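Okay, structure_35.cif is below, mmCIF, C-alpha atoms:
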```
data_final
#
loop_
_atom_site.group_PDB
_atom_site.id
_atom_site.type_symbol
_atom_site.label_atom_id
_atom_site.label_comp_id
_atom_site.auth_asym_id
_atom_site.auth_seq_id
_atom_site.Cartn_x
_atom_site.Cartn_y
_atom_site.Cartn_z
ATOM 1 C CA MET A 1 -1.808 8.119 12.398
ATOM 2 C CA PRO A 2 -2.820 4.676 13.748
ATOM 3 C CA GLU A 3 -1.447 3.745 17.152
ATOM 4 C CA PRO A 4 1.634 1.494 17.305
ATOM 5 C CA MET A 5 0.874 -2.165 17.876
ATOM 6 C CA PRO A 6 1.878 -4.146 20.936
ATOM 7 C CA PRO A 7 4.873 -6.411 20.138
ATOM 8 C CA SER A 8 2.810 -9.581 19.740
ATOM 9 C CA ALA A 9 0.002 -8.087 17.640
ATOM 10 C CA SER A 10 -0.381 -8.337 13.889
ATOM 11 C CA ARG A 11 -2.259 -6.305 11.321
ATOM 12 C CA HIS A 12 -3.066 -6.388 7.664
ATOM 13 C CA VAL A 13 -1.410 -4.085 5.147
ATOM 14 C CA PHE A 14 -2.523 -3.321 1.587
ATOM 15 C CA VAL A 15 0.413 -2.717 -0.771
ATOM 16 C CA TYR A 16 -0.213 -1.286 -4.230
ATOM 17 C CA GLY A 17 3.167 -0.168 -5.598
ATOM 18 C CA THR A 18 6.841 -0.975 -5.255
ATOM 19 C CA LEU A 19 6.163 -3.188 -2.214
ATOM 20 C CA ARG A 20 4.170 -5.652 -4.364
ATOM 21 C CA ARG A 21 5.714 -9.033 -5.148
ATOM 22 C CA GLY A 22 8.296 -8.769 -7.892
ATOM 23 C CA ASP A 23 8.816 -5.006 -7.687
ATOM 24 C CA VAL A 24 11.889 -3.186 -6.366
ATOM 25 C CA ARG A 25 10.839 -3.128 -2.690
ATOM 26 C CA ASP A 26 9.060 -6.505 -2.695
ATOM 27 C CA ILE A 27 7.543 -6.889 0.795
ATOM 28 C CA THR A 28 8.196 -10.641 0.762
ATOM 29 C CA ARG A 29 11.960 -9.932 1.002
ATOM 30 C CA LEU A 30 11.541 -8.119 4.321
ATOM 31 C CA ARG A 31 11.912 -9.803 7.726
ATOM 32 C CA PRO A 32 10.063 -10.905 9.713
ATOM 33 C CA ALA A 33 8.321 -12.338 6.680
ATOM 34 C CA PRO A 34 4.764 -11.199 5.981
ATOM 35 C CA GLN A 35 2.001 -13.704 5.288
ATOM 36 C CA PHE A 36 0.220 -13.286 1.944
ATOM 37 C CA VAL A 37 -3.565 -13.085 2.392
ATOM 38 C CA GLY A 38 -4.653 -12.389 -1.181
ATOM 39 C CA MET A 39 -5.164 -9.941 -3.995
ATOM 40 C CA ALA A 40 -7.455 -7.055 -3.146
ATOM 41 C CA SER A 41 -8.662 -3.628 -4.192
ATOM 42 C CA VAL A 42 -9.387 -0.344 -2.466
ATOM 43 C CA ALA A 43 -11.413 2.693 -3.506
ATOM 44 C CA GLY A 44 -9.016 5.304 -4.821
ATOM 45 C CA VAL A 45 -7.076 6.851 -7.667
ATOM 46 C CA LEU A 46 -3.544 5.682 -8.457
ATOM 47 C CA TYR A 47 -0.955 8.192 -9.710
ATOM 48 C CA ASP A 48 2.340 7.601 -11.534
ATOM 49 C CA LEU A 49 4.966 9.567 -9.619
ATOM 50 C CA GLY A 50 7.869 8.300 -11.720
ATOM 51 C CA PRO A 51 9.761 5.566 -9.857
ATOM 52 C CA TYR A 52 6.757 4.738 -7.647
ATOM 53 C CA PRO A 53 2.991 5.290 -7.439
ATOM 54 C CA GLY A 54 0.783 7.020 -4.916
ATOM 55 C CA VAL A 55 -2.867 6.384 -4.092
ATOM 56 C CA VAL A 56 -5.405 9.002 -3.086
ATOM 57 C CA LEU A 57 -8.128 7.102 -1.251
ATOM 58 C CA GLY A 58 -11.857 7.333 -1.977
ATOM 59 C CA GLY A 59 -14.150 7.677 -4.955
ATOM 60 C CA PRO A 60 -15.623 5.150 -7.386
ATOM 61 C CA ALA A 61 -12.359 3.925 -8.989
ATOM 62 C CA ARG A 62 -10.487 0.881 -7.662
ATOM 63 C CA VAL A 63 -6.775 0.329 -7.050
ATOM 64 C CA THR A 64 -5.346 -3.201 -7.196
ATOM 65 C CA GLY A 65 -2.919 -4.518 -4.614
ATOM 66 C CA GLU A 66 -1.966 -7.305 -2.261
ATOM 67 C CA VAL A 67 -2.884 -7.872 1.373
ATOM 68 C CA TYR A 68 -0.417 -9.266 3.888
ATOM 69 C CA THR A 69 -0.526 -10.023 7.582
ATOM 70 C CA ILE A 70 2.421 -8.247 9.176
ATOM 71 C CA SER A 71 4.051 -8.103 12.586
ATOM 72 C CA ALA A 72 4.669 -4.951 14.579
ATOM 73 C CA GLU A 73 8.355 -5.194 13.658
ATOM 74 C CA LEU A 74 7.556 -5.285 9.954
ATOM 75 C CA GLU A 75 5.058 -2.440 10.313
ATOM 76 C CA ARG A 76 7.847 -0.288 11.781
ATOM 77 C CA GLN A 77 10.057 -1.107 8.768
ATOM 78 C CA LEU A 78 7.246 -0.103 6.403
ATOM 79 C CA ASP A 79 6.800 3.157 8.327
ATOM 80 C CA VAL A 80 10.488 3.917 7.721
ATOM 81 C CA ILE A 81 10.270 2.991 4.015
ATOM 82 C CA GLU A 82 7.200 5.205 3.554
ATOM 83 C CA GLU A 83 8.795 7.955 5.657
ATOM 84 C CA VAL A 84 6.030 8.243 8.246
ATOM 85 C CA TRP A 85 8.410 7.310 11.104
ATOM 86 C CA PRO A 86 10.604 8.292 12.904
ATOM 87 C CA GLN A 87 9.881 11.652 11.319
ATOM 88 C CA GLN A 88 7.125 12.323 8.814
ATOM 89 C CA THR A 89 8.205 13.863 5.521
ATOM 90 C CA GLY A 90 4.629 14.704 4.570
ATOM 91 C CA GLU A 91 4.672 12.580 1.427
ATOM 92 C CA TYR A 92 2.606 9.691 2.817
ATOM 93 C CA ARG A 93 0.241 9.192 5.700
ATOM 94 C CA LYS A 94 -0.729 5.877 7.211
ATOM 95 C CA GLN A 95 -4.465 5.134 7.163
ATOM 96 C CA VAL A 96 -6.635 2.211 8.145
ATOM 97 C CA VAL A 97 -9.187 1.543 5.418
ATOM 98 C CA ARG A 98 -11.510 -1.213 4.302
ATOM 99 C CA VAL A 99 -10.229 -3.213 1.315
ATOM 100 C CA ARG A 100 -12.057 -5.808 -0.735
ATOM 101 C CA LEU A 101 -10.336 -9.183 -1.138
ATOM 102 C CA GLY A 102 -10.353 -10.866 -4.537
ATOM 103 C CA GLN A 103 -11.637 -9.549 -7.824
ATOM 104 C CA ALA A 104 -15.366 -9.884 -7.093
ATOM 105 C CA PRO A 105 -17.636 -6.817 -7.174
ATOM 106 C CA ALA A 106 -18.843 -5.468 -3.825
ATOM 107 C CA SER A 107 -22.391 -6.599 -4.619
ATOM 108 C CA SER A 108 -21.241 -10.243 -4.654
ATOM 109 C CA GLY A 109 -20.603 -10.246 -0.908
ATOM 110 C CA ALA A 110 -16.814 -10.107 -1.296
ATOM 111 C CA VAL A 111 -14.809 -10.379 1.918
ATOM 112 C CA ALA A 112 -13.491 -7.071 3.262
ATOM 113 C CA LEU A 113 -10.658 -6.419 5.712
ATOM 114 C CA ASP A 114 -9.413 -3.352 7.538
ATOM 115 C CA CYS A 115 -5.847 -2.734 6.354
ATOM 116 C CA LEU A 116 -3.075 -0.224 6.745
ATOM 117 C CA VAL A 117 -2.599 1.788 3.568
ATOM 118 C CA TYR A 118 0.069 4.391 2.928
ATOM 119 C CA GLU A 119 -1.785 7.203 1.149
ATOM 120 C CA ILE A 120 0.076 9.852 -0.831
ATOM 121 C CA ASN A 121 -0.416 13.477 0.156
ATOM 122 C CA PRO A 122 -2.873 14.707 -2.541
ATOM 123 C CA ALA A 123 -0.738 17.838 -3.031
ATOM 124 C CA ARG A 124 2.038 15.556 -4.391
ATOM 125 C CA THR A 125 -0.193 14.341 -7.237
ATOM 126 C CA ALA A 126 -0.738 17.744 -8.900
ATOM 127 C CA GLY A 127 0.087 17.410 -12.593
ATOM 128 C CA GLN A 128 0.952 13.699 -12.273
ATOM 129 C CA PRO A 129 -0.638 11.131 -14.629
ATOM 130 C CA VAL A 130 -3.420 8.888 -13.364
ATOM 131 C CA ILE A 131 -2.898 5.149 -13.798
ATOM 132 C CA GLY A 132 -6.237 4.415 -15.468
ATOM 133 C CA GLY A 133 -6.469 0.714 -14.665
ATOM 134 C CA GLY A 134 -5.433 1.198 -11.043
ATOM 135 C CA ASP A 135 -2.747 -1.512 -11.222
ATOM 136 C CA TRP A 136 0.892 -0.400 -10.824
ATOM 137 C CA LEU A 137 2.454 -3.662 -12.058
ATOM 138 C CA GLU A 138 0.325 -3.730 -15.222
ATOM 139 C CA HIS A 139 1.148 -0.067 -15.764
ATOM 140 C CA LEU A 140 4.898 -0.789 -15.503
ATOM 141 C CA GLN A 141 4.625 -3.399 -18.258
ATOM 142 C CA GLN A 142 3.061 -0.810 -20.582
ATOM 143 C CA ARG A 143 5.562 1.992 -19.883
ATOM 144 C CA PRO A 144 8.179 2.685 -22.564
#
```
Final structure tokens representation of the file:
Amino acid sequence: MPEPMPPSASRHVFVYGTLRRGDVRDITRLRPAPQFVGMASVAGVLYDLGPYPGVVLGGPARVTGEVYTISAELERQLDVIEEVWPQQTGEYRKQVVRVRLGQAPASSGAVALDCLVYEINPARTAGQPVIGGGDWLEHLQQRP
């Protein structure tokens, strides 16, 4: 797990599910307020786990999300929401990965940032449907 930040530091976080704007845990409603950086994508496979998604990082597919600059205080809140702190449940683990800002292909010289990502434990995805387009909010609109 990445080291905790000093109180004055900030990091970037990539959110791909219920923490996206407009969803049930919208990160923009948390305090201290995050700063929106832009839309982005990360290499991975997105799974529908019912009320929320989970991403398994890596591979050729892309998962759509949003990047925010967050404070150490907000990072701690996210750790609690994703159950990686104060005690890990084993459902998610916090990773630092490279994400690509915008919708441009990697070959276009798109800007990349290192971001925190909460990755689902791959064991939790067994038998769960893959979200083919890699976009949780689009997937929600198509669900019955």
Item to complete: Identify, on the basis of all atoms listed in the file, every residue whose closest approach to Arg20 in chain A does not exceed 7 Å; exclude the query and any residue fewer than 6 positions from it along the same chain; express the result as number ranges by chain.
Response: A: 26-27, 66
Practice prompt. Return the single residue from A:Leu57, A:Ile81, A:Val63, A:Ala33 that is closest to Ile120 in chain A, with distances computed using all atoms listed in the file.
Written response: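 Result for the nearest residue to Ile120 in chain A: A:Leu57.
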Discussion item. To one decimal place in Å, what is the distance between CA of Ile70 in chain A and CA of Ala40 in chain A?
Written reply: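 Separation of CA of Ile70 in chain A and CA of Ala40 in chain A: 15.8 Å.
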Worksheet entry | Which of A:Pro60, A:Pro144, A:Pro32, A:Ser41 sits closest to Asp114 in chain A [using all atoms listed in the file] |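 Looking at the shortest contact to Asp114 in chain A, the residue is A:Ser41.
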Discussion item. For a quick check of understanding, using all atoms listed in the file, which of A:Gly102, A:Pro34, A:Asn121, A:Ser71 has the smallest distance to Thr89 in chain A?
Written reply: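 The answer is A:Asn121, which sits nearest to Thr89 in chain A.
The coordinates place CA of Leu116 in chain A at 12.2 Å from CA of Leu74 in chain A.
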Discussion item. Please enumerate the residues selected by the PyMOL selection byres ((chain A and resi 112) around 6) when evaluated against the supplied file, formatted as a list in words.
Written reply: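 With the shown file as input, the PyMOL selection byres ((chain A and resi 112) around 6) matches Val99, Arg100, Leu101, Val111 and Leu113 of chain A.
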Worksheet entry | Residues matched by the PyMOL selection byres ((chain A and resi 128) around 12), written as an MDAnalysis selection string | chainID A and resid 45:50 52:55 122:127 129:131
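Applied to the file shown here, the PyMOL selection byres ((chain A and resi 138) around 12) selects Tyr16, Gly17, Arg20, Gly22, Asp23, Val63, Thr64, Gly65, Ile131, Gly132, Gly133, Gly134, Asp135, Trp136, Leu137, His139, Leu140, Gln141, Gln142 and Arg143 of chain A.
Separating CA of Ala43 in chain A from CA of Trp85 in chain A is a distance of 25.1 Å.
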Discussion item. Calculated over all atoms listed in the file, which of the candidates A:Ala110, A:Val42, A:Leu30, A:Val80 has the smallest distance to Gly59 in chain A?
Written reply: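 Once distances to Gly59 in chain A are computed over all atoms listed in the file, the minimum belongs to A:Val42.
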Worksheet item: Got a sec: who's within 10 Å of Glu83 in chain A, counting only C-alpha atoms, leaving out chain neighbours fewer than 5 positions off, as number ranges by chain?
Response: A: 77-78, 88-94, 118
Response to the item:
Using all atoms listed in the file, the residue out of A:Val97, A:Val13, A:Ala61, A:Val56 with shortest distance to Asp79 in chain A is A:Val13
